[in-house]
$ cat query-v8.cif   # mmCIF, C-alpha atoms
data_final
#
loop_
_atom_site.label_atom_id
_atom_site.label_comp_id
_atom_site.auth_asym_id
_atom_site.auth_seq_id
_atom_site.Cartn_x
_atom_site.Cartn_y
_atom_site.Cartn_z
CA MET U 1 0.00 0.00 0.00
CA ALA U 2 1.59 3.28 -1.07
CA TYR U 3 1.84 6.09 1.46
CA ARG U 4 -0.77 8.79 0.88
CA VAL U 5 0.77 12.23 0.35
CA VAL U 6 -0.95 15.58 -0.06
CA HIS U 7 0.95 18.28 -1.93
CA TYR U 8 0.51 21.97 -1.07
CA ILE U 9 1.36 24.45 -3.82
CA ASN U 10 0.61 28.05 -4.74
CA GLN U 11 -1.36 29.56 -7.59
CA PHE U 12 1.69 29.91 -9.82
CA PHE U 13 2.85 26.31 -9.66
CA ALA U 14 -0.74 25.17 -10.06
CA GLY U 15 -0.87 27.00 -13.36
CA VAL U 16 -3.74 29.19 -12.16
CA GLY U 17 -1.88 32.43 -12.72
CA GLY U 18 0.88 34.69 -11.46
CA GLU U 19 0.73 37.73 -9.20
CA ASP U 20 -2.65 38.53 -10.71
CA LYS U 21 -4.00 35.38 -9.11
CA ALA U 22 -2.17 35.63 -5.79
CA ASP U 23 -5.52 36.10 -4.07
CA TYR U 24 -6.71 32.66 -5.23
CA ARG U 25 -8.79 30.97 -2.56
CA PRO U 26 -7.90 27.45 -1.46
CA GLU U 27 -8.86 24.69 -3.85
CA ALA U 28 -8.38 20.94 -3.64
CA ARG U 29 -7.76 18.78 -6.68
CA ASP U 30 -7.44 15.02 -6.67
CA GLY U 31 -4.09 13.62 -7.71
CA SER U 32 -1.07 15.68 -8.56
CA VAL U 33 -0.84 19.12 -10.16
CA GLY U 34 2.17 20.83 -11.74
CA PRO U 35 5.42 19.87 -9.95
CA GLY U 36 3.53 17.08 -8.18
CA ALA U 37 4.24 14.93 -11.20
CA ALA U 38 7.96 15.10 -10.48
CA PHE U 39 7.35 13.96 -6.91
CA THR U 40 5.14 11.12 -8.10
CA GLN U 41 7.94 9.88 -10.29
CA ALA U 42 10.54 10.26 -7.52
CA PHE U 43 8.34 8.34 -5.05
CA GLY U 44 8.70 5.29 -7.32
CA GLY U 45 5.46 3.76 -6.16
CA GLU U 46 6.33 3.89 -2.47
CA ALA U 47 4.09 6.92 -2.06
CA GLU U 48 1.51 8.67 -4.17
CA ILE U 49 0.05 12.14 -4.28
CA VAL U 50 -3.60 11.55 -3.54
CA GLY U 51 -4.50 15.20 -3.60
CA THR U 52 -3.15 18.69 -4.14
CA VAL U 53 -4.23 21.75 -2.21
CA ILE U 54 -3.67 25.06 -3.97
CA CYS U 55 -3.78 28.51 -2.41
CA GLY U 56 -2.83 31.99 -3.59
CA ASP U 57 0.19 33.40 -1.75
CA SER U 58 -1.41 36.75 -1.01
CA TYR U 59 -4.67 35.25 0.18
CA PHE U 60 -2.72 33.02 2.56
CA ALA U 61 -0.59 35.88 3.83
CA GLU U 62 -3.44 38.34 4.27
CA SER U 63 -6.14 36.03 5.60
CA MET U 64 -3.96 33.52 7.35
CA GLU U 65 -6.47 32.24 9.86
CA GLU U 66 -9.20 31.54 7.31
CA ALA U 67 -6.72 30.21 4.76
CA LYS U 68 -5.16 27.86 7.32
CA THR U 69 -8.55 26.56 8.35
CA GLN U 70 -9.68 25.93 4.80
CA VAL U 71 -6.37 24.38 3.73
CA MET U 72 -6.30 22.17 6.82
CA GLU U 73 -9.80 20.97 6.16
CA MET U 74 -8.98 20.12 2.53
CA ILE U 75 -5.77 18.31 3.50
CA SER U 76 -7.47 16.28 6.23
CA ARG U 77 -10.18 15.06 3.88
CA TYR U 78 -7.53 13.12 1.96
CA LYS U 79 -6.43 11.28 5.12
CA PRO U 80 -2.75 11.71 4.23
CA ASP U 81 0.25 9.96 5.75
CA ALA U 82 2.46 12.96 4.95
CA VAL U 83 2.36 16.44 3.44
CA VAL U 84 4.82 17.97 1.00
CA ALA U 85 4.73 21.77 0.64
CA GLY U 86 6.37 23.68 -2.21
CA PRO U 87 9.28 23.84 -2.85
CA ALA U 88 9.06 27.61 -2.42
CA PHE U 89 12.68 28.45 -3.35
CA ASN U 90 13.16 32.13 -2.42
CA ALA U 91 9.52 33.24 -2.68
CA GLY U 92 8.81 34.81 0.70
CA ARG U 93 5.02 34.59 0.88
CA TYR U 94 5.05 31.09 -0.56
CA GLY U 95 7.76 29.97 1.86
CA THR U 96 5.83 31.41 4.78
CA ALA U 97 2.67 29.67 3.63
CA CYS U 98 4.47 26.34 3.15
CA GLY U 99 6.00 26.62 6.61
CA ALA U 100 2.69 27.52 8.20
CA VAL U 101 0.91 24.64 6.48
CA CYS U 102 3.58 22.15 7.57
CA GLU U 103 3.51 23.43 11.13
CA MET U 104 -0.25 23.17 11.26
CA VAL U 105 -0.27 19.66 9.76
CA ALA U 106 2.40 18.50 12.20
CA GLU U 107 0.43 19.86 15.15
CA GLU U 108 -3.03 18.75 14.13
CA LEU U 109 -2.40 15.53 12.23
CA GLY U 110 0.94 14.51 13.73
CA ILE U 111 2.24 13.29 10.37
CA PRO U 112 5.59 13.93 8.64
CA THR U 113 5.98 17.07 6.55
CA VAL U 114 8.66 18.48 4.31
CA SER U 115 9.16 21.70 2.40
CA GLY U 116 11.97 23.17 0.32
CA MET U 117 13.35 26.71 0.48
CA TYR U 118 16.36 28.83 -0.31
CA PRO U 119 18.13 29.56 3.02
CA GLU U 120 17.29 33.27 2.88
CA ASN U 121 13.57 32.67 2.50
CA PRO U 122 11.89 34.25 5.55
CA GLY U 123 9.92 31.02 5.93
CA VAL U 124 13.15 29.29 6.96
CA ASP U 125 13.78 31.29 10.11
CA MET U 126 10.13 31.13 11.04
CA TYR U 127 9.49 27.43 10.52
CA ARG U 128 12.78 25.56 10.58
CA LYS U 129 11.95 24.04 13.94
CA ALA U 130 8.41 23.08 12.97
CA THR U 131 9.22 21.20 9.78
CA LEU U 132 12.05 19.80 7.70
CA ILE U 133 13.08 22.23 5.00
CA ALA U 134 15.26 20.98 2.16
CA GLU U 135 17.86 23.50 1.03
CA THR U 136 17.08 24.59 -2.52
CA ALA U 137 18.28 27.04 -5.14
CA ASP U 138 16.76 30.50 -5.20
CA SER U 139 14.49 29.86 -8.17
CA ALA U 140 12.43 27.16 -9.86
CA ARG U 141 15.47 26.29 -11.93
CA GLY U 142 16.40 24.27 -8.87
CA MET U 143 13.27 22.12 -9.04
CA LYS U 144 14.99 19.05 -10.45
CA ASP U 145 17.50 19.10 -7.57
CA ALA U 146 14.95 19.89 -4.88
CA VAL U 147 12.55 17.06 -5.67
CA PRO U 148 14.87 14.11 -4.88
CA VAL U 149 16.04 15.71 -1.64
CA MET U 150 12.50 16.42 -0.46
CA THR U 151 11.39 12.96 -1.57
CA ALA U 152 14.13 11.26 0.45
CA LEU U 153 13.32 13.37 3.50
CA VAL U 154 9.63 12.54 3.46
CA LEU U 155 10.10 8.83 2.69
CA LYS U 156 12.62 8.43 5.49
CA GLN U 157 10.21 10.01 7.92
CA LEU U 158 7.38 7.79 6.69
CA ARG U 159 9.54 4.67 7.04
CA GLY U 160 10.58 5.76 10.52
CA GLU U 161 14.25 5.92 9.58
CA ALA U 162 16.57 8.19 11.56
CA LEU U 163 17.81 11.29 9.82
CA GLY U 164 21.46 12.23 9.69
CA MET U 165 23.04 15.65 9.92
CA PRO U 166 21.69 18.50 7.77
CA SER U 167 24.74 18.48 5.51
CA GLN U 168 24.31 14.77 4.81
CA GLU U 169 20.59 14.79 4.16
CA GLY U 170 20.27 18.18 2.46
CA TYR U 171 17.97 19.94 4.89
CA ILE U 172 18.51 23.35 6.46
CA GLU U 173 19.84 23.35 10.02
CA ARG U 174 16.95 23.44 12.41
CA GLY U 175 18.69 24.74 15.49
CA LEU U 176 17.78 21.57 17.36
CA ARG U 177 20.32 20.21 19.79
CA ARG U 178 20.90 16.55 20.22
CA ASN U 179 23.45 15.59 22.87
CA PHE U 180 25.83 12.75 22.23
CA PHE U 181 28.97 11.38 23.89
CA ALA U 182 32.03 12.15 21.83
CA GLU U 183 34.82 9.60 21.81
CA THR U 184 37.47 12.20 22.55
CA THR U 185 37.30 15.23 24.80
CA GLY U 186 36.82 18.76 23.50
CA ALA U 187 40.39 19.59 24.46
CA GLU U 188 41.75 16.71 22.39
CA ARG U 189 39.56 17.63 19.42
CA ALA U 190 40.59 21.28 19.66
CA VAL U 191 44.30 20.42 19.72
CA GLU U 192 43.87 18.00 16.83
CA MET U 193 42.06 20.70 14.84
CA PHE U 194 44.77 23.24 15.65
CA ALA U 195 47.52 20.79 14.64
CA ARG U 196 45.79 20.22 11.29
CA LYS U 197 45.49 23.96 10.81
CA LEU U 198 49.20 24.46 11.56
CA ARG U 199 50.13 21.70 9.11
CA GLY U 200 48.01 23.38 6.46
CA GLU U 201 45.62 20.44 6.36
CA SER U 202 41.89 20.82 5.97
CA PHE U 203 39.70 20.73 9.04
CA ASP U 204 36.00 21.08 9.80
CA THR U 205 35.00 23.56 12.42
CA GLU U 206 32.55 22.19 14.96
CA TYR U 207 31.01 25.62 15.29
CA PRO U 208 30.95 28.05 12.35
CA MET U 209 31.73 31.61 13.45
CA PRO U 210 29.68 34.45 11.96
CA THR U 211 31.68 36.77 9.75
CA PHE U 212 31.40 40.46 10.38
CA ASP U 213 31.97 43.03 7.70
CA ARG U 214 33.83 46.30 8.07
CA VAL U 215 32.56 49.72 7.12
CA PRO U 216 34.98 52.55 6.36
CA PRO U 217 34.78 55.22 9.08
CA ASN U 218 32.62 58.21 8.27
CA PRO U 219 34.29 61.60 8.12
CA PRO U 220 34.00 63.53 11.38
CA VAL U 221 31.10 65.85 12.10
CA VAL U 222 32.26 69.25 10.94
CA ASP U 223 29.89 71.57 12.73
CA MET U 224 28.80 69.88 15.94
CA LYS U 225 27.42 73.13 17.31
CA HIS U 226 24.70 72.97 14.70
CA ALA U 227 24.47 69.22 14.38
CA LYS U 228 21.35 67.16 15.08
CA VAL U 229 22.29 64.22 17.29
CA ALA U 230 20.21 61.12 17.98
CA LEU U 231 20.36 58.32 20.53
CA VAL U 232 20.03 54.64 19.73
CA THR U 233 20.40 51.83 22.23
CA SER U 234 20.68 48.06 22.34
CA GLY U 235 20.14 48.21 26.08
CA GLY U 236 16.41 47.75 25.69
CA ILE U 237 15.17 51.01 27.20
CA VAL U 238 11.46 51.32 26.40
CA PRO U 239 8.48 53.32 27.67
CA LYS U 240 7.20 51.93 30.95
CA GLY U 241 5.14 48.84 30.32
CA ASN U 242 7.04 47.93 27.14
CA PRO U 243 3.98 48.74 25.01
CA ASP U 244 5.30 47.03 21.90
CA HIS U 245 6.48 43.97 23.82
CA ILE U 246 10.07 44.01 22.66
CA GLU U 247 11.37 40.62 23.71
CA ALA U 248 13.88 40.17 26.54
CA SER U 249 15.96 38.02 24.23
CA SER U 250 16.10 37.45 20.48
CA ALA U 251 14.25 40.67 19.79
CA SER U 252 12.05 40.40 16.76
CA LYS U 253 11.69 44.15 16.47
CA TYR U 254 13.01 47.55 17.48
CA GLY U 255 11.06 50.47 18.87
CA GLU U 256 10.87 54.10 17.83
CA TYR U 257 9.76 56.37 20.64
CA SER U 258 9.43 60.09 21.19
CA LEU U 259 11.37 61.98 23.81
CA ALA U 260 9.28 65.12 23.32
CA GLY U 261 8.57 66.67 26.69
CA PHE U 262 11.12 64.51 28.50
CA ALA U 263 13.89 66.50 30.18
CA GLU U 264 15.04 63.13 31.51
CA ILE U 265 13.64 59.63 31.73
CA THR U 266 12.78 58.03 35.07
CA SER U 267 11.71 54.80 36.73
CA GLU U 268 8.15 56.00 36.31
CA THR U 269 8.32 56.73 32.61
CA HIS U 270 10.70 54.12 31.22
CA GLU U 271 12.18 50.70 31.93
CA THR U 272 14.45 48.16 30.34
CA ALA U 273 13.12 45.17 28.42
CA HIS U 274 16.58 43.56 28.18
CA GLY U 275 16.85 40.14 29.78
CA GLY U 276 20.63 39.84 29.56
CA TYR U 277 21.81 42.07 32.39
CA ASP U 278 20.69 42.94 35.89
CA PRO U 279 17.88 45.44 35.17
CA THR U 280 17.87 47.00 38.65
CA TYR U 281 20.10 49.96 37.81
CA ALA U 282 18.51 50.71 34.45
CA ASN U 283 14.99 50.51 35.88
CA ASP U 284 15.99 52.69 38.80
CA ASP U 285 17.44 55.34 36.51
CA PRO U 286 17.09 54.64 32.78
CA ASN U 287 19.39 57.57 31.95
CA ARG U 288 22.18 55.18 32.93
CA VAL U 289 21.55 53.36 29.63
CA LEU U 290 19.79 56.00 27.54
CA PRO U 291 21.39 59.28 28.71
CA VAL U 292 18.52 61.66 28.00
CA ASP U 293 19.21 63.98 30.93
CA ALA U 294 22.83 64.55 29.98
CA MET U 295 21.98 64.97 26.31
CA ARG U 296 19.47 67.68 27.21
CA GLU U 297 22.05 69.48 29.33
CA LEU U 298 24.79 69.21 26.72
CA GLN U 299 22.47 70.57 24.07
CA LYS U 300 21.50 73.46 26.36
CA GLN U 301 25.17 74.21 26.93
CA GLY U 302 25.72 74.36 23.18
CA PHE U 303 27.81 71.23 22.71
CA PHE U 304 25.59 70.29 19.79
CA GLY U 305 22.76 71.88 17.83
CA SER U 306 19.66 69.80 18.46
CA PHE U 307 18.62 66.56 20.10
CA HIS U 308 16.54 64.41 17.76
CA GLU U 309 13.06 63.84 19.15
CA MET U 310 12.95 60.12 18.41
CA PHE U 311 15.13 57.44 19.90
CA TYR U 312 15.50 53.88 18.66
CA THR U 313 15.81 50.88 20.87
CA THR U 314 16.05 47.16 20.77
CA VAL U 315 17.32 44.39 23.01
CA GLY U 316 20.77 43.21 22.02
CA ASN U 317 20.51 39.98 24.04
CA GLY U 318 20.63 37.02 21.64
CA THR U 319 19.37 39.05 18.72
CA SER U 320 20.42 37.36 15.51
CA VAL U 321 23.08 39.09 13.46
CA GLY U 322 20.73 39.04 10.47
CA ASN U 323 17.98 40.81 12.37
CA ALA U 324 20.37 43.27 13.98
CA LYS U 325 21.69 44.21 10.56
CA ARG U 326 18.18 44.78 9.31
CA TYR U 327 17.17 46.92 12.29
CA GLY U 328 20.37 48.95 11.91
CA ALA U 329 19.73 49.60 8.24
CA GLU U 330 16.12 50.62 8.82
CA ILE U 331 16.97 52.85 11.77
CA ALA U 332 19.81 54.46 9.82
CA GLN U 333 17.44 55.25 6.96
CA LYS U 334 14.92 56.82 9.31
CA LEU U 335 17.66 58.89 10.91
CA LYS U 336 18.88 59.99 7.50
CA ASP U 337 15.36 60.90 6.46
CA SER U 338 15.16 63.10 9.57
CA ASN U 339 18.44 64.83 8.72
CA VAL U 340 20.24 63.52 11.78
CA ASP U 341 23.96 64.32 11.56
CA ALA U 342 25.38 62.03 14.21
CA VAL U 343 24.30 59.13 16.39
CA ILE U 344 25.39 57.93 19.79
CA VAL U 345 24.66 54.24 20.26
CA THR U 346 24.72 52.91 23.80
CA SER U 347 25.16 49.24 24.64
CA THR U 348 25.19 47.30 27.87
CA MET E 1 28.23 57.00 14.91
CA ALA E 2 29.93 56.69 18.27
CA HIS E 3 29.47 53.46 20.23
CA VAL E 4 29.40 53.93 23.99
CA CYS E 5 29.69 50.38 25.23
CA THR E 6 31.05 48.27 28.00
CA ILE E 7 32.40 45.25 26.13
CA VAL E 8 34.87 46.89 23.78
CA PRO E 9 36.10 43.62 22.20
CA ILE E 10 32.57 42.92 20.96
CA SER E 11 32.29 46.39 19.48
CA LEU E 12 35.64 45.88 17.73
CA THR E 13 34.56 42.49 16.42
CA VAL E 14 31.34 43.73 14.92
CA GLY E 15 33.14 46.67 13.33
CA ALA E 16 32.30 49.92 15.13
CA ASN E 17 34.77 52.64 14.18
CA ARG E 18 34.47 55.10 17.07
CA ILE E 19 34.27 53.30 20.40
CA ILE E 20 33.98 54.87 23.83
CA PRO E 21 34.39 52.46 26.75
CA ALA E 22 31.54 52.74 29.24
CA ILE E 23 31.36 52.05 32.94
CA ALA E 24 29.66 48.68 33.49
CA ILE E 25 27.25 46.33 31.75
CA PRO E 26 24.16 47.09 33.82
CA HIS E 27 24.89 50.82 33.89
CA PRO E 28 27.11 51.89 30.99
CA LEU E 29 26.49 55.59 31.64
CA GLY E 30 26.00 55.50 35.38
CA ASP E 31 27.46 54.34 38.67
CA PRO E 32 25.08 53.44 41.49
CA ALA E 33 27.97 53.64 43.95
CA LYS E 34 28.07 57.40 43.41
CA THR E 35 25.61 60.13 44.30
CA LYS E 36 23.09 61.27 41.69
CA GLU E 37 25.08 64.44 41.09
CA GLU E 38 28.37 62.57 40.63
CA GLU E 39 26.64 60.13 38.26
CA PHE E 40 25.26 62.96 36.20
CA LYS E 41 28.71 64.50 35.91
CA LEU E 42 30.12 61.11 34.88
CA ARG E 43 27.43 60.78 32.25
CA MET E 44 28.14 64.25 30.92
CA GLU E 45 31.88 63.46 30.65
CA LEU E 46 31.23 60.20 28.81
CA LEU E 47 28.93 61.89 26.34
CA LYS E 48 31.40 64.73 25.81
CA LYS E 49 33.93 62.04 24.92
CA ALA E 50 31.43 60.56 22.49
CA LEU E 51 30.82 63.93 20.88
CA ALA E 52 34.56 64.56 20.65
CA ALA E 53 35.01 61.17 19.00
CA LEU E 54 32.35 62.08 16.47
CA GLU E 55 34.38 65.19 15.62
CA THR E 56 37.64 63.24 15.30
CA PRO E 57 38.78 61.94 11.92
CA VAL E 58 39.70 58.25 12.13
CA GLU E 59 41.26 55.98 9.52
CA ASP E 60 40.45 52.75 11.26
CA GLN E 61 38.56 51.39 14.25
CA THR E 62 39.48 53.58 17.19
CA VAL E 63 38.87 53.16 20.90
CA PHE E 64 38.78 56.53 22.62
CA ASN E 65 40.37 55.64 25.93
CA ASP E 66 41.94 58.73 27.51
#
$ encode --input "query-v8.cif" --output "structure tokens"
Amino acid sequence: MAYRVVHYINQFFAGVGGEDKADYRPEARDGSVGPGAAFTQAFGGEAEIVGTVICGDSYFAESMEEAKTQVMEMISRYKPDAVVAGPAFNAGRYGTACGAVCEMVAEELGIPTVSGMYPENPGVDMYRKATLIAETADSARGMKDAVPVMTALVLKQLRGEALGMPSQEGYIERGLRRNFFAETTGAERAVEMFARKLRGESFDTEYPMPTFDRVPPNPPVVDMKHAKVALVTSGGIVPKGNPDHIEASSASKYGEYSLAGFAEITSETHETAHGGYDPTYANDDPNRVLPVDAMRELQKQGFFGSFHEMFYTTVGNGTSVGNAKRYGAEIAQKLKDSNVDAVIVTST
Amino acid sequence: MAHVCTIVPISLTVGANRIIPAIAIPHPLGDPAKTKEEEFKLRMELLKKALAALETPVEDQTVFND
């Protein structure tokens, strides 16, 4: 008896239409549609696509709750043993939809799922823990390579076979930790790795380090007396109550708040959202992290021209480099748009 | 941009170009061991250093120690 698989795809791969049909409501069709044929062939009879559920990427993104409900209902009706979603390559809305569908299927039906995405697809960061995501190229040109990888991943899960490391099996690292006893101690492995490095031999790092770029220094501020200066902090200072719920760790956002009317900030008006340092001192006197009082005084004394009304804040604790880069770029653009001449960034 | 921060090695690693070492992790621009007035003065001095750094031409990453 072949395993029953349902395939989730978007309006484009279903041949319904392109962007003009991105609002396509969920539809179920028996058997395979579009790229499903390639999966059917790869399954080699061990599994079959009993049904395909199609949904427009924009409809899914904009009406997620209704779309999820309808898609879930259509998938369930086929009584599948597994669900394959996409591959979405680098299409953001599609990747997000595939991830959401897989997550929902895993939770509600408890069956194996697999999707395929380019590592930069936003769906990866959001759903890598909820489902297996095969690493694919950034466009549909990678379809012929994605299908066998996704096929193997879903068949292994269906057969109950253990999966190896991401690099072996072709899926994107999920950030899941599995402890094991190594045969040699860390010290021995480190020395061995160092010896290989010294001998000019190849070695595999056990932990890839992020690479940081360098930016050439900006020229100095020429006329500070007339310059507009802004404050930005990674120390997590927010209005009291943390109205936008900036997370204590792994911040998913930054805040933009007004200092209009504040000669200083206090324990009554502000607090820190940061979970990575003892908050006592910052909560007691937030100027210790976001120095509003001193900035006001320095501006009054003529050290600089004007103090920008808005400040920007996030929590640096465990924030991913990717996200931090994005926040920095967005904040910088907003500061530029406000004709800010210089920025003081404070970090804890 | 001037980075007023406590852990200078991190700032150097991520590539800040004008770095001003701060006082301590939980209070980079403060010192609870001091009076409010002394703290305010400390904060003013640190920020003056930051402003001075912003007015200083630098060729490479620079830590403004004094």
$ resolve_selection --input "query-v8.cif" --expression "the PyMOL selection byres ((chain E and resi 22-27) around 6)" --output "number ranges by chain"
U: 277-278, 288-289, 348; E: 4-6, 21, 28-30
$ residues_near_point --input "query-v8.cif" --point "(-2.9, 25.6, 9.1)" --cutoff "8 Å" --atoms "only C-alpha atoms" --output "compact mmCIF listing (two decimals) with C-alpha atoms, in the frame of the given file"
# COMPACT_ATOMS: atom_id res chain seq x y z
CA GLU U 65 -6.47 32.24 9.86
CA ALA U 67 -6.72 30.21 4.76
CA LYS U 68 -5.16 27.86 7.32
CA THR U 69 -8.55 26.56 8.35
CA VAL U 71 -6.37 24.38 3.73
CA MET U 72 -6.30 22.17 6.82
CA ALA U 100 2.69 27.52 8.20
CA VAL U 101 0.91 24.64 6.48
CA CYS U 102 3.58 22.15 7.57
CA GLU U 103 3.51 23.43 11.13
CA MET U 104 -0.25 23.17 11.26
CA VAL U 105 -0.27 19.66 9.76
$ resolve_selection --input "query-v8.cif" --expression "the PyMOL selection byres ((chain E and resi 64) around 8)" --output "PyMOL selection string"
chain E and resi 18-21+49+53+62-63+65-66
$ interface_residues --input "query-v8.cif" --of "chain U" --to "chain E" --cutoff "6 Å" --atoms "only C-alpha atoms" --output "PyMOL selection string"
chain U and resi 212+214+217+219-221+277-278+288-289+294+342-348
$ write_last_selection --input "query-v8.cif" --atoms "C-alpha atoms" --output "PDB file, in the frame of the given file"
ATOM      1  CA  PHE U 212      31.400  40.460  10.380  1.00  0.00           C
ATOM      2  CA  ARG U 214      33.830  46.300   8.070  1.00  0.00           C
ATOM      3  CA  PRO U 217      34.780  55.220   9.080  1.00  0.00           C
ATOM      4  CA  PRO U 219      34.290  61.600   8.120  1.00  0.00           C
ATOM      5  CA  PRO U 220      34.000  63.530  11.380  1.00  0.00           C
ATOM      6  CA  VAL U 221      31.100  65.850  12.100  1.00  0.00           C
ATOM      7  CA  TYR U 277      21.810  42.070  32.390  1.00  0.00           C
ATOM      8  CA  ASP U 278      20.690  42.940  35.890  1.00  0.00           C
ATOM      9  CA  ARG U 288      22.180  55.180  32.930  1.00  0.00           C
ATOM     10  CA  VAL U 289      21.550  53.360  29.630  1.00  0.00           C
ATOM     11  CA  ALA U 294      22.830  64.550  29.980  1.00  0.00           C
ATOM     12  CA  ALA U 342      25.380  62.030  14.210  1.00  0.00           C
ATOM     13  CA  VAL U 343      24.300  59.130  16.390  1.00  0.00           C
ATOM     14  CA  ILE U 344      25.390  57.930  19.790  1.00  0.00           C
ATOM     15  CA  VAL U 345      24.660  54.240  20.260  1.00  0.00           C
ATOM     16  CA  THR U 346      24.720  52.910  23.800  1.00  0.00           C
ATOM     17  CA  SER U 347      25.160  49.240  24.640  1.00  0.00           C
ATOM     18  CA  THR U 348      25.190  47.300  27.870  1.00  0.00           C
TER      19      THR U 348
END
$ axis_aligned_box --input "query-v8.cif" --around "region 26-34 of chain E" --padding-each-side "5 Å" --output "JSON"
{"center_x": 26.1, "center_y": 52.2, "center_z": 37.5, "size_x": 13.9, "size_y": 20.3, "size_z": 23.0}
$ residues_around --input "query-v8.cif" --residues "Ile9 (chain U)" --least-positions-apart "5" --cutoff "9 Å" --atoms "all atoms listed in the file" --output "PDB file with C-alpha atoms, in the frame of the given file"
ATOM      1  CA  ALA U  14      -0.740  25.170 -10.060  1.00  0.00           C
ATOM      2  CA  VAL U  33      -0.840  19.120 -10.160  1.00  0.00           C
ATOM      3  CA  GLY U  34       2.170  20.830 -11.740  1.00  0.00           C
ATOM      4  CA  PRO U  35       5.420  19.870  -9.950  1.00  0.00           C
ATOM      5  CA  GLY U  36       3.530  17.080  -8.180  1.00  0.00           C
ATOM      6  CA  THR U  52      -3.150  18.690  -4.140  1.00  0.00           C
ATOM      7  CA  VAL U  53      -4.230  21.750  -2.210  1.00  0.00           C
ATOM      8  CA  ILE U  54      -3.670  25.060  -3.970  1.00  0.00           C
ATOM      9  CA  CYS U  55      -3.780  28.510  -2.410  1.00  0.00           C
ATOM     10  CA  GLY U  56      -2.830  31.990  -3.590  1.00  0.00           C
ATOM     11  CA  VAL U  84       4.820  17.970   1.000  1.00  0.00           C
ATOM     12  CA  ALA U  85       4.730  21.770   0.640  1.00  0.00           C
ATOM     13  CA  GLY U  86       6.370  23.680  -2.210  1.00  0.00           C
ATOM     14  CA  PRO U  87       9.280  23.840  -2.850  1.00  0.00           C
ATOM     15  CA  ALA U  88       9.060  27.610  -2.420  1.00  0.00           C
ATOM     16  CA  TYR U  94       5.050  31.090  -0.560  1.00  0.00           C
ATOM     17  CA  CYS U  98       4.470  26.340   3.150  1.00  0.00           C
TER      18      CYS U  98
END
